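Written below as structure tokens is the structure these notes are about.
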Amino acid sequence: MALWERLPVWVQVRCGLTPRSLAALSVVLIVAVGFAVQHFWAGRPEPVRAPERVTGPAPPVHTVSPGPGPTPSPVPVAGVSGAPGPSPSGGIVVDVSGKVRRPGIHRLPPGSRVADALAAAGGVRDGVDVTGLNRARVLMDGEQVVVGVPGAVPGAAAPVAGRGGSAGAGGAPVSLGSATVDQLDALPGVGPVLAQHIVDYRAQHGGFRSVDELREVNGIGDRRFEDLRPLVRP
């Protein structure tokens with residue numbers, strides 16, 4: 001009532017509000033202001049604490065053991081040759097024969113050379129000419145090193161018995177699966193480059209299954225293959 005009486009007369013005339021209506025309007029405005037304040041207070045941003053870092057042992061991993069059943073066979077991978085690997089001991093085995101003090105089978109570490117094989121055999125006997133023996137050549141597993149024997153190929157690979165019998169010392173076919181670059185270079189029409197191509201093909205394909213595969217080596221044509229065919233074996 002006091003507020004209504006203080007209003008100018010022209011406002012009282014224009015609004016035409018009775019004191020009760022003015023009081024009700026005031027209550028509505030107060031309630032609206034209260035709701036607005038509550039809504040603003042509820043929607044204010046609040047700080048959020050970061051989660052604490054939990055340190056401790058990792059949870060145990062439960063492994064499931066395979067049940068009874070057949071063991072899965074290994075799956076062959078393309079590009080991996082089936083050639084046998086090195087000996088289980090991690091070294092190489094060579095046969096040193098001829099005019100040495102202790103001929104026989106000797107085990108050497110990988111990367112050994114002919115000179116190491118001669119040292120393992122006690123050295124060369126006095127008066128033996130080793131001019132044609134390449135003592136710096138790296139040995140391969142299963143090689144035979146022949147010293148001071150006339151007609152023998154120095155550092156020849158050990159002969160492997162095939163279906164046609166064991167290879168002899170003189171005039172025997174050269175094994176494509178174990179021959180060295182020097183042995184292949186000694187064949188007619190084969191130089192050091194072509195000999196290296198043959199060795200590279202053998203390493204990539206896991207050996208020679210037949211003499212006919214020699215045609216697939218880079219640098220060997222039909223005519224050269226016919227010349228080499230009676231001189232080699234797989």
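Note on naming: chains are A, B, ... as they come in the structure tokens, residues start from 1 per chain, ligands start from 1 in the order shown.
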
Using only C-alpha atoms, which protein or nucleic acid residues come within 10 Å of Leu108 (chain A)? Drop anything in the same chain fewer than 4 positions from it, and give the result as a list in words. Ser89, Gly90, Gly91, Ile92, Val93, Val94, Ser112, Arg113, Asp116, Ala117, Ala120, Leu139 and Asp141 of chain A

Output N, CA, C and O atoms of each residue in that selection to a file, as a compact mmCIF listing (two decimals), in the first residue's frame.
# COMPACT_ATOMS: atom_id res chain seq x y z
N SER A 89 75.98 -77.96 -32.43
CA SER A 89 76.96 -77.32 -31.55
C SER A 89 77.25 -75.88 -31.94
O SER A 89 77.92 -75.16 -31.22
N GLY A 90 76.77 -75.43 -33.10
CA GLY A 90 77.00 -74.07 -33.53
C GLY A 90 78.28 -73.90 -34.32
O GLY A 90 78.60 -72.79 -34.73
N GLY A 91 79.03 -74.97 -34.56
CA GLY A 91 80.26 -74.89 -35.33
C GLY A 91 80.14 -75.63 -36.64
O GLY A 91 79.04 -75.93 -37.11
N ILE A 92 81.26 -75.92 -37.24
CA ILE A 92 81.29 -76.67 -38.49
C ILE A 92 82.18 -77.89 -38.30
O ILE A 92 83.04 -77.93 -37.42
N VAL A 93 81.94 -78.90 -39.12
CA VAL A 93 82.70 -80.15 -39.08
C VAL A 93 83.39 -80.32 -40.42
O VAL A 93 82.73 -80.29 -41.47
N VAL A 94 84.70 -80.49 -40.41
CA VAL A 94 85.48 -80.65 -41.64
C VAL A 94 86.33 -81.91 -41.51
O VAL A 94 86.67 -82.35 -40.40
N SER A 112 85.63 -70.33 -39.72
CA SER A 112 87.02 -70.78 -39.77
C SER A 112 87.50 -70.90 -41.20
O SER A 112 86.71 -71.09 -42.13
N ARG A 113 88.80 -70.82 -41.37
CA ARG A 113 89.41 -70.89 -42.69
C ARG A 113 90.23 -72.16 -42.81
O ARG A 113 90.39 -72.92 -41.84
N ASP A 116 92.92 -72.63 -40.32
CA ASP A 116 92.48 -73.11 -39.01
C ASP A 116 92.31 -74.62 -39.01
O ASP A 116 92.62 -75.29 -38.01
N ALA A 117 91.81 -75.16 -40.12
CA ALA A 117 91.67 -76.62 -40.21
C ALA A 117 93.03 -77.30 -40.19
O ALA A 117 93.21 -78.35 -39.57
N ALA A 120 94.26 -77.30 -36.66
CA ALA A 120 93.57 -78.30 -35.84
C ALA A 120 94.08 -79.70 -36.13
O ALA A 120 94.04 -80.57 -35.25
N LEU A 139 85.76 -71.94 -44.68
CA LEU A 139 85.27 -73.30 -44.78
C LEU A 139 83.76 -73.37 -44.63
O LEU A 139 83.14 -72.51 -44.00
N ASP A 141 80.45 -76.17 -43.68
CA ASP A 141 80.19 -77.39 -42.92
C ASP A 141 80.17 -78.60 -43.85
O ASP A 141 79.50 -78.60 -44.88

As JSON, numbers by chain, please: the residues near Leu187 (chain A) (cut-off 10 Å, only C-alpha atoms, same-chain neighbours under 5 positions excluded). {"A": [174, 182, 195, 227, 228, 231, 232]}

Kindly give the distance, in Å, that separates CA of Tyr201 (chain A) and CA of Glu213 (chain A), rounded to a single decimal. 9.6 Å

Give me the residues within 12 Å of Arg135 (chain A) as a PyMOL selection string, counting only C-alpha atoms and dropping any in the same chain fewer than 4 places off. chain A and resi 112-119+123-124+130-131+139+145-147+154-155

10 Å contact set for Gly189 (chain A), only C-alpha atoms, chain neighbours under 5 positions out, as a VMD selection string: chain A and resid 184 194 220 224 to 225 227 to 228

May I have the residues from that selection written out with N, CA and C atoms, as a compact mmCIF listing (two decimals), in the first residue's frame?
# COMPACT_ATOMS: atom_id res chain seq x y z
N LEU A 184 83.68 -75.08 -58.77
CA LEU A 184 82.85 -74.80 -59.94
C LEU A 184 83.62 -73.99 -60.97
N LEU A 194 80.16 -66.93 -63.08
CA LEU A 194 79.13 -67.96 -63.23
C LEU A 194 79.13 -68.92 -62.05
N ILE A 220 73.67 -69.57 -67.93
CA ILE A 220 73.83 -70.93 -68.47
C ILE A 220 72.79 -71.15 -69.55
N ARG A 224 75.89 -74.58 -73.06
CA ARG A 224 76.75 -74.73 -71.89
C ARG A 224 76.20 -75.78 -70.94
N PHE A 225 74.88 -75.88 -70.87
CA PHE A 225 74.28 -76.90 -70.01
C PHE A 225 74.63 -78.30 -70.51
N ASP A 227 77.26 -79.13 -72.08
CA ASP A 227 78.67 -79.40 -71.78
C ASP A 227 78.88 -79.75 -70.31
N LEU A 228 78.10 -79.15 -69.44
CA LEU A 228 78.27 -79.36 -68.01
C LEU A 228 77.49 -80.55 -67.47

Pairwise distance for CA of Pro234 (chain A) and CA of Ala179 (chain A), rounded to one decimal in Å: 10.1 Å
